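Shown next: my_file-v1.cif, containing mmCIF, C-alpha atoms and all ligand atoms.
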data_work
#
loop_
_atom_site.label_atom_id
_atom_site.label_comp_id
_atom_site.auth_asym_id
_atom_site.auth_seq_id
_atom_site.Cartn_x
_atom_site.Cartn_y
_atom_site.Cartn_z
CA MET A 1 52.50 -32.58 -61.08
CA THR A 2 49.92 -32.03 -63.74
CA ASP A 3 49.60 -33.15 -67.35
CA LEU A 4 47.83 -29.89 -68.29
CA PHE A 5 50.93 -28.73 -70.17
CA ASP A 6 51.85 -32.05 -71.75
CA PRO A 7 51.21 -33.05 -75.35
CA CYS A 8 48.30 -35.41 -75.79
CA GLU A 9 46.38 -37.12 -78.55
CA PHE A 10 42.62 -37.38 -79.11
CA ASN A 11 40.76 -38.65 -82.14
CA GLY A 12 44.08 -39.21 -83.89
CA ILE A 13 44.99 -35.52 -83.51
CA ARG A 14 48.02 -34.44 -81.50
CA LEU A 15 47.69 -31.39 -79.24
CA GLN A 16 50.62 -29.48 -77.74
CA ASN A 17 48.86 -29.34 -74.39
CA ARG A 18 45.42 -29.67 -72.81
CA ILE A 19 44.58 -25.96 -72.90
CA ALA A 20 42.13 -24.60 -75.49
CA LEU A 21 41.12 -21.11 -76.56
CA SER A 22 37.39 -20.90 -75.88
CA PRO A 23 35.41 -19.35 -78.75
CA LEU A 24 35.31 -15.56 -78.38
CA THR A 25 33.37 -13.18 -80.61
CA ARG A 26 35.53 -10.10 -81.17
CA THR A 27 33.64 -8.28 -83.98
CA ARG A 28 36.56 -6.91 -85.92
CA SER A 29 35.90 -8.14 -89.45
CA ASN A 30 35.41 -5.79 -92.39
CA ASP A 31 31.87 -4.95 -93.48
CA ALA A 32 31.84 -7.92 -95.86
CA GLY A 33 32.28 -10.26 -92.90
CA GLU A 34 35.79 -11.26 -93.96
CA ALA A 35 38.59 -12.17 -91.59
CA GLY A 36 42.05 -10.93 -92.55
CA ASP A 37 45.52 -9.97 -91.33
CA LEU A 38 44.25 -8.68 -87.99
CA GLN A 39 42.49 -11.94 -87.12
CA ALA A 40 45.49 -13.91 -88.41
CA LEU A 41 47.76 -12.06 -85.99
CA TYR A 42 45.33 -12.47 -83.07
CA TYR A 43 44.95 -16.23 -83.48
CA ALA A 44 48.64 -16.78 -84.26
CA GLN A 45 49.55 -14.95 -81.04
CA ARG A 46 47.52 -17.58 -79.16
CA ALA A 47 48.70 -20.59 -81.19
CA THR A 48 50.56 -22.15 -78.26
CA ALA A 49 47.20 -23.41 -76.99
CA GLY A 50 46.65 -27.09 -77.69
CA LEU A 51 43.49 -26.20 -79.61
CA LEU A 52 42.09 -22.88 -80.80
CA ILE A 53 38.37 -22.58 -81.41
CA THR A 54 37.41 -19.53 -83.44
CA GLU A 55 34.85 -16.93 -82.63
CA ALA A 56 31.31 -17.98 -83.58
CA THR A 57 31.25 -17.86 -87.37
CA PRO A 58 27.87 -17.27 -89.02
CA VAL A 59 26.71 -19.62 -91.75
CA THR A 60 24.35 -16.99 -93.22
CA PRO A 61 24.04 -13.20 -92.87
CA GLY A 62 20.82 -13.64 -90.85
CA GLY A 63 22.73 -15.94 -88.50
CA ARG A 64 24.85 -13.05 -87.24
CA GLY A 65 24.47 -11.75 -83.73
CA GLY A 66 25.87 -8.35 -84.71
CA PRO A 67 27.91 -6.52 -87.33
CA ASN A 68 31.60 -7.11 -88.18
CA ILE A 69 31.57 -10.80 -87.38
CA PRO A 70 33.67 -12.82 -89.81
CA GLY A 71 31.55 -15.46 -91.52
CA LEU A 72 31.67 -18.46 -93.82
CA TRP A 73 28.46 -17.88 -95.75
CA THR A 74 30.17 -17.11 -99.07
CA ASP A 75 33.23 -18.39 -100.90
CA ASP A 76 34.63 -14.85 -100.80
CA GLN A 77 35.16 -15.32 -97.05
CA ILE A 78 37.46 -18.33 -97.47
CA SER A 79 40.69 -16.49 -98.27
CA GLY A 80 40.57 -14.31 -95.15
CA TRP A 81 40.22 -17.37 -92.95
CA ARG A 82 43.00 -19.05 -94.94
CA LYS A 83 45.30 -16.28 -93.69
CA VAL A 84 44.26 -17.19 -90.15
CA THR A 85 44.79 -20.94 -90.49
CA ASP A 86 48.12 -20.47 -92.28
CA ALA A 87 49.37 -18.15 -89.53
CA VAL A 88 48.26 -20.55 -86.79
CA HIS A 89 49.77 -23.57 -88.52
CA ALA A 90 53.04 -21.70 -89.09
CA ARG A 91 53.28 -21.45 -85.29
CA GLY A 92 52.45 -25.14 -84.81
CA GLY A 93 48.86 -24.54 -83.70
CA LEU A 94 45.59 -26.31 -84.38
CA ILE A 95 42.35 -24.43 -85.11
CA PHE A 96 38.67 -25.40 -85.35
CA SER A 97 36.00 -23.11 -86.80
CA GLN A 98 32.95 -22.61 -84.60
CA LEU A 99 29.92 -22.60 -86.91
CA TRP A 100 26.98 -20.54 -85.76
CA HIS A 101 23.46 -19.39 -86.36
CA ALA A 102 22.26 -16.78 -83.86
CA GLY A 103 18.56 -17.52 -84.49
CA ARG A 104 16.20 -15.06 -82.78
CA LEU A 105 19.25 -13.21 -81.39
CA SER A 106 19.90 -11.62 -84.79
CA HIS A 107 18.23 -8.67 -86.50
CA SER A 108 16.62 -7.82 -89.85
CA SER A 109 19.27 -5.14 -90.44
CA LEU A 110 21.79 -7.99 -90.69
CA SER A 111 19.75 -10.15 -93.08
CA GLY A 112 18.58 -7.80 -95.77
CA GLY A 113 15.31 -7.00 -94.03
CA LYS A 114 14.21 -10.54 -93.20
CA PRO A 115 13.09 -11.18 -89.60
CA PRO A 116 15.28 -13.30 -87.35
CA VAL A 117 14.37 -16.98 -87.21
CA ALA A 118 13.63 -19.35 -84.35
CA PRO A 119 11.91 -22.65 -83.58
CA SER A 120 8.80 -20.73 -82.51
CA VAL A 121 7.46 -17.19 -82.68
CA MET A 122 9.10 -15.26 -79.86
CA THR A 123 10.53 -11.83 -79.15
CA GLN A 124 13.65 -11.71 -77.08
CA PRO A 125 13.49 -8.96 -74.43
CA GLY A 126 16.21 -6.34 -74.59
CA GLN A 127 18.33 -4.89 -77.36
CA ILE A 128 20.79 -6.06 -79.97
CA PHE A 129 23.80 -4.04 -81.08
CA THR A 130 23.48 -3.33 -84.84
CA ALA A 131 25.52 -1.25 -87.29
CA GLU A 132 23.07 1.59 -86.54
CA GLY A 133 23.46 1.20 -82.77
CA PRO A 134 21.33 -0.68 -80.24
CA LYS A 135 17.84 -1.74 -81.40
CA PRO A 136 15.11 -3.81 -79.72
CA TYR A 137 15.06 -7.47 -80.66
CA GLU A 138 12.37 -8.27 -83.23
CA GLU A 139 9.68 -10.92 -83.32
CA ALA A 140 11.26 -14.08 -84.68
CA HIS A 141 9.74 -16.03 -87.54
CA ALA A 142 9.13 -19.73 -86.79
CA LEU A 143 11.07 -21.77 -89.34
CA THR A 144 8.96 -23.90 -91.69
CA LEU A 145 10.00 -27.51 -92.26
CA ASP A 146 11.53 -26.55 -95.62
CA GLU A 147 13.46 -23.72 -93.98
CA VAL A 148 14.80 -26.13 -91.34
CA GLN A 149 16.28 -28.18 -94.18
CA GLU A 150 17.80 -25.00 -95.61
CA ILE A 151 19.47 -24.31 -92.26
CA ILE A 152 21.09 -27.75 -92.33
CA ALA A 153 22.31 -27.08 -95.87
CA LEU A 154 23.79 -23.73 -94.75
CA PHE A 155 25.81 -25.46 -92.03
CA ARG A 156 26.99 -28.10 -94.48
CA ALA A 157 28.09 -25.47 -97.01
CA ALA A 158 29.95 -23.50 -94.33
CA ALA A 159 31.68 -26.71 -93.18
CA VAL A 160 32.87 -27.28 -96.76
CA ARG A 161 34.21 -23.71 -96.85
CA ALA A 162 35.93 -24.24 -93.49
CA LYS A 163 37.78 -27.12 -95.10
CA ALA A 164 38.77 -24.97 -98.07
CA ALA A 165 40.01 -22.35 -95.60
CA GLY A 166 42.42 -24.85 -94.04
CA PHE A 167 40.82 -25.38 -90.64
CA ASP A 168 41.62 -28.54 -88.69
CA GLY A 169 37.99 -29.17 -87.75
CA VAL A 170 34.64 -27.58 -86.99
CA GLU A 171 32.64 -27.02 -83.85
CA LEU A 172 28.86 -26.64 -83.94
CA HIS A 173 27.71 -23.83 -81.66
CA GLY A 174 24.96 -25.66 -79.83
CA ALA A 175 24.89 -23.41 -76.76
CA HIS A 176 23.77 -20.05 -75.34
CA SER A 177 20.21 -20.04 -76.72
CA TYR A 178 21.27 -19.49 -80.31
CA LEU A 179 19.30 -21.30 -83.01
CA ILE A 180 20.48 -24.89 -82.41
CA ASP A 181 20.23 -24.63 -78.61
CA ALA A 182 16.86 -22.86 -78.84
CA PHE A 183 15.45 -25.88 -80.68
CA THR A 184 16.51 -28.22 -77.88
CA ARG A 185 14.91 -26.31 -74.98
CA ASP A 186 11.23 -26.50 -74.09
CA MET A 187 11.20 -22.81 -73.13
CA THR A 188 12.10 -21.63 -76.63
CA ASN A 189 10.70 -24.51 -78.69
CA LYS A 190 6.88 -24.74 -78.76
CA ARG A 191 6.64 -26.62 -82.07
CA THR A 192 4.26 -29.49 -82.59
CA ASP A 193 5.96 -31.03 -85.64
CA ALA A 194 8.93 -33.41 -85.93
CA TYR A 195 11.24 -30.70 -84.47
CA GLY A 196 9.28 -29.97 -81.31
CA GLY A 197 7.63 -31.62 -78.34
CA SER A 198 9.54 -34.73 -77.27
CA ILE A 199 13.23 -34.67 -76.39
CA GLU A 200 13.95 -36.66 -79.52
CA ASN A 201 12.17 -34.06 -81.66
CA ARG A 202 13.77 -31.06 -79.97
CA ALA A 203 17.24 -32.56 -80.38
CA ARG A 204 16.59 -33.44 -84.02
CA LEU A 205 18.04 -30.28 -85.58
CA LEU A 206 21.23 -30.50 -83.51
CA VAL A 207 21.64 -34.15 -84.51
CA GLU A 208 20.92 -33.50 -88.19
CA VAL A 209 23.31 -30.56 -88.38
CA LEU A 210 26.00 -32.66 -86.70
CA GLN A 211 25.32 -35.45 -89.18
CA ALA A 212 25.94 -32.94 -91.97
CA LEU A 213 29.18 -31.73 -90.37
CA VAL A 214 30.37 -35.28 -89.77
CA GLY A 215 29.60 -35.99 -93.44
CA VAL A 216 32.02 -33.23 -94.46
CA TRP A 217 34.70 -33.55 -91.79
CA GLY A 218 34.44 -37.04 -90.34
CA PRO A 219 33.58 -37.52 -86.66
CA GLU A 220 37.17 -37.11 -85.42
CA ARG A 221 37.22 -33.50 -86.59
CA THR A 222 33.72 -32.57 -85.52
CA ALA A 223 33.00 -30.92 -82.18
CA VAL A 224 29.89 -29.55 -80.54
CA ARG A 225 29.53 -26.92 -77.85
CA ILE A 226 26.74 -27.42 -75.34
CA ALA A 227 25.78 -25.58 -72.16
CA PRO A 228 23.44 -28.09 -70.50
CA ILE A 229 22.47 -25.95 -67.50
CA GLY A 230 23.18 -22.54 -69.02
CA HIS A 231 20.69 -19.66 -68.82
CA ALA A 232 22.11 -17.42 -71.52
CA TYR A 233 19.52 -14.90 -72.76
CA GLN A 234 17.21 -15.96 -69.91
CA ALA A 235 16.41 -19.28 -71.58
CA TRP A 236 16.72 -22.78 -70.22
CA ASP A 237 15.06 -26.18 -70.21
CA SER A 238 12.68 -27.39 -67.52
CA ASN A 239 14.44 -30.75 -67.32
CA PRO A 240 17.93 -30.61 -68.84
CA GLU A 241 19.26 -33.92 -67.52
CA PRO A 242 17.23 -36.29 -69.73
CA LEU A 243 17.54 -33.85 -72.64
CA PHE A 244 21.33 -33.75 -72.53
CA THR A 245 21.67 -37.43 -71.70
CA TYR A 246 19.77 -38.10 -74.91
CA ILE A 247 21.92 -35.62 -76.84
CA VAL A 248 25.18 -37.17 -75.62
CA GLU A 249 23.90 -40.65 -76.56
CA ARG A 250 23.32 -39.34 -80.10
CA LEU A 251 26.81 -37.76 -80.14
CA ASN A 252 28.14 -41.22 -79.34
CA ASP A 253 26.06 -42.76 -82.16
CA LEU A 254 27.60 -40.26 -84.55
CA LYS A 255 31.04 -40.83 -82.97
CA VAL A 256 31.45 -37.06 -82.61
CA GLY A 257 35.03 -36.55 -81.46
CA TRP A 258 34.77 -33.54 -79.14
CA MET A 259 32.22 -32.25 -76.66
CA ASP A 260 32.90 -28.69 -75.56
CA MET A 261 30.86 -28.28 -72.40
CA VAL A 262 30.21 -24.94 -70.71
CA GLU A 263 29.76 -25.74 -67.05
CA GLY A 264 27.04 -23.52 -65.51
CA ASP A 265 26.18 -20.06 -66.82
CA THR A 266 28.81 -18.79 -69.23
CA GLY A 267 30.96 -16.10 -67.67
CA ILE A 268 28.76 -15.84 -64.57
CA SER A 269 28.67 -18.95 -62.42
CA ARG A 270 29.74 -22.58 -62.45
CA THR A 271 26.37 -23.68 -61.10
CA ALA A 272 22.80 -23.02 -62.24
CA GLU A 273 19.28 -24.36 -61.73
CA PRO A 274 17.83 -26.73 -62.76
CA SER A 275 21.09 -28.47 -62.03
CA PHE A 276 22.48 -31.96 -62.35
CA ASP A 277 25.87 -33.62 -62.18
CA LEU A 278 27.52 -32.70 -65.49
CA GLN A 279 30.12 -35.39 -64.84
CA LYS A 280 27.47 -37.91 -65.82
CA LEU A 281 27.64 -36.47 -69.34
CA ARG A 282 31.41 -36.48 -69.32
CA ARG A 283 31.44 -40.15 -68.33
CA LEU A 284 28.80 -41.04 -70.90
CA PHE A 285 30.56 -39.26 -73.77
CA LYS A 286 33.01 -41.47 -75.66
CA GLY A 287 35.07 -38.69 -77.25
CA ALA A 288 37.25 -35.97 -75.73
CA THR A 289 35.59 -33.51 -73.35
CA ILE A 290 36.61 -29.86 -73.40
CA ALA A 291 35.43 -28.10 -70.23
CA ASN A 292 34.95 -24.35 -69.96
CA ASN A 293 33.73 -21.60 -67.72
CA LEU A 294 35.53 -19.56 -65.10
CA TYR A 295 38.55 -21.83 -64.92
CA ASP A 296 41.73 -20.56 -63.36
CA ARG A 297 45.05 -22.32 -63.01
CA ASP A 298 44.15 -24.18 -59.82
CA LEU A 299 40.76 -25.32 -61.10
CA ALA A 300 42.29 -26.51 -64.36
CA ILE A 301 44.99 -28.48 -62.58
CA ALA A 302 42.35 -29.97 -60.26
CA ALA A 303 40.19 -30.90 -63.25
CA ARG A 304 43.07 -32.91 -64.66
CA ALA A 305 44.00 -34.41 -61.29
CA ASN A 306 40.39 -35.56 -60.84
CA ASP A 307 40.01 -36.34 -64.55
CA THR A 308 36.81 -34.32 -64.85
CA ALA A 309 37.79 -33.09 -68.33
CA ASP A 310 40.34 -33.93 -71.02
CA ILE A 311 40.99 -30.36 -72.10
CA ILE A 312 40.28 -27.03 -70.39
CA ALA A 313 39.12 -24.06 -72.49
CA PHE A 314 39.88 -20.54 -71.29
CA GLY A 315 38.02 -17.55 -72.71
CA ARG A 316 38.60 -14.14 -71.11
CA PRO A 317 42.03 -15.04 -69.69
CA PHE A 318 43.22 -15.54 -73.29
CA ILE A 319 42.09 -12.05 -74.31
CA GLY A 320 44.73 -10.24 -72.25
CA ASN A 321 47.33 -13.02 -72.33
CA PRO A 322 48.32 -14.30 -75.76
CA ASP A 323 50.90 -16.50 -74.01
CA LEU A 324 48.39 -17.79 -71.47
CA VAL A 325 49.80 -21.32 -71.67
CA GLU A 326 53.28 -20.14 -70.69
CA ARG A 327 51.93 -17.89 -67.94
CA LEU A 328 49.93 -20.75 -66.45
CA ARG A 329 52.92 -23.06 -66.74
CA ARG A 330 55.12 -20.60 -64.83
CA ASN A 331 52.31 -19.48 -62.54
CA ALA A 332 53.04 -15.93 -63.74
CA PRO A 333 50.62 -13.01 -63.22
CA LEU A 334 47.85 -12.57 -65.78
CA THR A 335 46.91 -9.35 -67.55
CA VAL A 336 43.24 -8.52 -67.04
CA ALA A 337 41.79 -7.14 -70.28
CA ASP A 338 39.39 -4.21 -70.18
CA PRO A 339 35.93 -5.51 -71.24
CA ARG A 340 35.41 -2.32 -73.26
CA GLY A 341 37.88 -3.78 -75.74
CA TYR A 342 36.11 -7.12 -76.09
CA TYR A 343 33.99 -6.11 -79.07
CA GLY A 344 34.75 -3.87 -82.02
CA GLY A 345 37.60 -1.52 -82.76
CA GLY A 346 40.93 -2.51 -84.23
CA PRO A 347 44.18 -3.84 -82.78
CA ARG A 348 43.68 -2.04 -79.47
CA GLY A 349 42.49 -4.46 -76.81
CA TYR A 350 42.90 -7.26 -79.36
CA THR A 351 46.42 -7.82 -80.61
CA ASP A 352 48.34 -5.36 -78.42
CA PHE A 353 48.72 -7.51 -75.30
CA LYS A 354 52.27 -8.47 -74.43
CA THR A 355 53.85 -11.84 -73.76
CA LEU A 356 56.05 -12.33 -70.71
CA GLU A 357 59.13 -11.95 -72.93
CA GLU A 358 57.85 -8.73 -74.44
CA GLU A 359 57.06 -7.38 -70.98
CA ALA A 360 60.56 -8.23 -69.80
CA ALA A 361 62.13 -6.63 -72.89
CA SER A 362 60.20 -3.39 -72.39
CA ALA A 363 60.75 -3.20 -68.61
C1 LIG B 401 33.88 -11.37 -75.43
C2 LIG B 401 33.28 -12.74 -75.38
C3 LIG B 401 32.85 -13.34 -76.56
C4 LIG B 401 32.34 -14.64 -76.54
N1 LIG B 401 32.00 -15.23 -77.73
C5 LIG B 401 31.63 -16.53 -77.76
C6 LIG B 401 31.41 -17.20 -78.99
O1 LIG B 401 31.58 -16.63 -80.08
N2 LIG B 401 31.05 -18.50 -78.95
C7 LIG B 401 30.86 -19.17 -77.76
O2 LIG B 401 30.53 -20.36 -77.78
N3 LIG B 401 31.09 -18.57 -76.58
C8 LIG B 401 31.47 -17.27 -76.56
N4 LIG B 401 31.77 -16.67 -75.36
C9 LIG B 401 31.77 -17.48 -74.14
C10 LIG B 401 33.20 -17.99 -73.86
O3 LIG B 401 33.61 -18.95 -74.82
C11 LIG B 401 33.29 -18.65 -72.47
O4 LIG B 401 32.26 -19.62 -72.37
C12 LIG B 401 33.15 -17.64 -71.34
O5 LIG B 401 33.97 -16.51 -71.54
C13 LIG B 401 33.50 -18.30 -69.99
O6 LIG B 401 34.84 -18.75 -70.00
P1 LIG B 401 35.99 -17.89 -69.24
O7 LIG B 401 35.53 -17.78 -67.81
O8 LIG B 401 37.24 -18.72 -69.40
O9 LIG B 401 36.06 -16.55 -69.90
C14 LIG B 401 32.23 -15.35 -75.32
C15 LIG B 401 32.62 -14.73 -74.13
C16 LIG B 401 33.15 -13.45 -74.16
C17 LIG B 401 33.62 -12.81 -72.87
#

This entry written out as structure tokens:
Amino acid sequence: MTDLFDPCEFNGIRLQNRIALSPLTRTRSNDAGEAGDLQALYYAQRATAGLLITEATPVTPGGRGGPNIPGLWTDDQISGWRKVTDAVHARGGLIFSQLWHAGRLSHSSLSGGKPPVAPSVMTQPGQIFTAEGPKPYEEAHALTLDEVQEIIALFRAAAVRAKAAGFDGVELHGAHSYLIDAFTRDMTNKRTDAYGGSIENRARLLVEVLQALVGVWGPERTAVRIAPIGHAYQAWDSNPEPLFTYIVERLNDLKVGWMDMVEGDTGISRTAEPSFDLQKLRRLFKGATIANNLYDRDLAIAARANDTADIIAFGRPFIGNPDLVERLRRNAPLTVADPRGYYGGGPRGYTDFKTLEEEAASA
């Protein structure tokens, strides 16, 4: 027996089950960064999850990690997302918008010629995919104190738009070495002002952005994604345990409702160094914990049996299986999506995966 498939309630919000769609960038917006009918269909197909979390949604053009990512940096982008939320709600689903700033992992071609921004001057090794093809990452500009305040205002404005678009809540993308995460880690943050140095200072931007989101949405509808021991983009912290213990204490102060925790290195491994027992964070956190990374059916059932998470988020398994919840419930085979369809393109590899019923009908 497992309660993975049972309705539950957290923060006054009822979920159909304890399975979430993990945020997945799919880069299929139009050139204006608007979502539309295609995204509405994609999310509605997956609306049987207890909670859907959208793809990372930039709060400013220079916060994009690539082209064709639907954003919330202008009011013109609200109506496209409204199609998405209406379609999800029509199927009884619940959907949070993941708000994002890619920081140094963006490119001047996405921000009208301005360099990418970061806590400190740094050039990410490797290449970014732009509208003109792959290009080397550029040297990031270290945000001034005034610009840090502007970043907070951008998140607040996007959170207001998310409300106008009919979302059920917002999630701050605080993971994977993007701007917010980069501020928290000593490897990417070399500042000597109020936003660098001590743990308290490095966590300050994350806390202040969350304060802004809580101000718009209330704590019950505010989530944050963290990856305490993640190494995305070859970045980490020398001592993540005290850093993330401090962060979770601040989440509790703010009464943040949901902590979406990537366990280990996203998509690669459930362990990483420097390591510590992530269950300490789960036990410390007073809200609902969403756990993610490389879960399968057995691991998810075990997580509920051992109460190591309240909700389990699946990423890649949801790409090829719009009815993942039903397939897991029946222990039915899963369709493995071709990674070449993860990013870009149209309906192919996005909205053309079949449910069990559709497979049976076409057999
Ligand atoms: C195509 C793709 C896009 C992703 N986009 C995002 C994203 O926008 N935001 C985010 O927080 N994580 C993103 N991730 C990470 C996933 O949410 C998740 O952490 C990862 O896939 C591991 O979970 P899984 O093993 O269930 O797939 C992405 C992963 C993939 C494969």

Could you list the protein, DNA and RNA residues that have any atom within 7 Å of ligand LIG 401 (chain B), counting only C-alpha atoms and all ligand atoms, and write them as an MDAnalysis selection string? chainID A and resid 22:26 55:56 173 175 225 262 266:267 292:295 313:317 342:343

With 10 Å as the cut-off and only C-alpha atoms counted, what is the closest atom pair between each nearby residue of region 221-300 of chain A and region 98-109 of chain A? Distances in Å to one decimal, ordered by chain and number, as a tab-separated table.
residue	atom	partner	partner_atom	distance
A:Ala223	CA	A:Gln98	CA	8.7
A:Val224	CA	A:Gln98	CA	8.6
A:Arg225	CA	A:Gln98	CA	8.7
A:Tyr233	CA	A:Leu105	CA	8.8

Keeping only C-alpha atoms, write the selected residues to a file as a tab-separated table (two decimals), in the frame of the given file.
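File written: selection07.tsv
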chain	number	residue	atom	x	y	z
A	223	ALA	CA	33.00	-30.92	-82.18
A	224	VAL	CA	29.89	-29.55	-80.54
A	225	ARG	CA	29.53	-26.92	-77.85
A	233	TYR	CA	19.52	-14.90	-72.76

Between A:Asp193, A:Asp76, A:Glu241, A:Asp3, which residue has the minimum interatomic distance to Ala162 (chain A), considering only C-alpha atoms?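 Nearest to Ala162 (chain A): A:Asp76.
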
Hey, what's within 12 Å of Ala227 (chain A) if we count all atoms listed in the file and toss same-chain stuff fewer than 6 positions away? As a ChimeraX atom specification, please? /A:173-178,180-182,184-185,235-237,240-241,243-244,247,259-267,270-272,275,278,281,290-293

Nearby residues (all atoms listed in the file) at most 10 Å from Val160 (chain A), same-chain spacing under 6 positions excluded, as a ChimeraX atom specification: /A:72,75,154,170,213,215-217

Select, counting all atoms listed in the file, all protein, DNA and RNA residues no farther than 6 Å from (39.8, -7.3, -84.9) in file coordinates, and express the selection as number ranges by chain. A: 28, 38-39, 346-347

Check the smallest atom-to-atom distance from each of A:Tyr42, A:Phe167, A:Phe155, A:Phe96 to Leu179 (chain A) using all atoms listed in the file, then report the winner. A:Phe155

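Remark: for Thr335 (chain A), the closest of the candidate residues A:Ser79, A:Thr54, A:Ser111, A:Asn321 is A:Asn321 (distances computed over all atoms listed in the file).
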
Around the point (12.2, -29.8, -77.9) in the file's coordinates, collect all residues with an atom within 9 Å, using only C-alpha atoms, and return them as a PyMOL selection string. chain A and resi 182-191+195-204+237+243

Serialized selection, C-alpha atoms, as an mmCIF file, keeping the file's coordinate frame:
data_model
loop_
_atom_site.group_PDB
_atom_site.id
_atom_site.type_symbol
_atom_site.label_atom_id
_atom_site.label_comp_id
_atom_site.auth_asym_id
_atom_site.auth_seq_id
_atom_site.Cartn_x
_atom_site.Cartn_y
_atom_site.Cartn_z
ATOM 1 C CA ALA A 182 16.860 -22.860 -78.840
ATOM 2 C CA PHE A 183 15.450 -25.880 -80.680
ATOM 3 C CA THR A 184 16.510 -28.220 -77.880
ATOM 4 C CA ARG A 185 14.910 -26.310 -74.980
ATOM 5 C CA ASP A 186 11.230 -26.500 -74.090
ATOM 6 C CA MET A 187 11.200 -22.810 -73.130
ATOM 7 C CA THR A 188 12.100 -21.630 -76.630
ATOM 8 C CA ASN A 189 10.700 -24.510 -78.690
ATOM 9 C CA LYS A 190 6.880 -24.740 -78.760
ATOM 10 C CA ARG A 191 6.640 -26.620 -82.070
ATOM 11 C CA TYR A 195 11.240 -30.700 -84.470
ATOM 12 C CA GLY A 196 9.280 -29.970 -81.310
ATOM 13 C CA GLY A 197 7.630 -31.620 -78.340
ATOM 14 C CA SER A 198 9.540 -34.730 -77.270
ATOM 15 C CA ILE A 199 13.230 -34.670 -76.390
ATOM 16 C CA GLU A 200 13.950 -36.660 -79.520
ATOM 17 C CA ASN A 201 12.170 -34.060 -81.660
ATOM 18 C CA ARG A 202 13.770 -31.060 -79.970
ATOM 19 C CA ALA A 203 17.240 -32.560 -80.380
ATOM 20 C CA ARG A 204 16.590 -33.440 -84.020
ATOM 21 C CA ASP A 237 15.060 -26.180 -70.210
ATOM 22 C CA LEU A 243 17.540 -33.850 -72.640
#

What separation in Å, quoted to one decimal, exists between CA of Ala142 (chain A) and CA of Gly62 (chain A)?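 Straight-line distance from CA of Ala142 (chain A) to CA of Gly62 (chain A) works out to 13.8 Å.
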
Please report the interatomic distance between CA of Arg282 (chain A) and CA of Ala212 (chain A) in Å with one decimal.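 Rounded to one decimal, the two atoms are 23.6 Å apart.
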
Option closest in space to Pro242 (chain A), from A:Ala337, A:Leu145, A:Ala159, A:Ile229 [counting all atoms listed in the file]: A:Ile229

Let me make sure I understand: among A:Asp6, A:Asp168, A:Glu208, A:Asp310, which one has the smallest atom-to-atom distance to Glu220 (chain A) if we use all atoms listed in the file? A:Asp168

Selected residue, from A:Gln16, A:Asn331, A:Gln77, A:Thr60, that lies nearest to Ala164 (chain A) when counting only C-alpha atoms: A:Gln77

Distance in Å - CA of Glu132 (chain A) versus CA of Glu34 (chain A): 19.5 Å

Might you pull out every residue within 9 Å of Ala153 (chain A), with all atoms listed in the file counted and same-chain residues fewer than 5 positions away left off, and present them as a VMD selection string? chain A and resid 148 158 209 212

Tell me which protein, DNA and RNA residues are within 12 Å of Ala90 (chain A), counting all atoms listed in the file, leaving out same-chain ones fewer than 6 positions away, and put them as a PyMOL selection string. chain A and resi 40-41+43-45+47-48+82-84
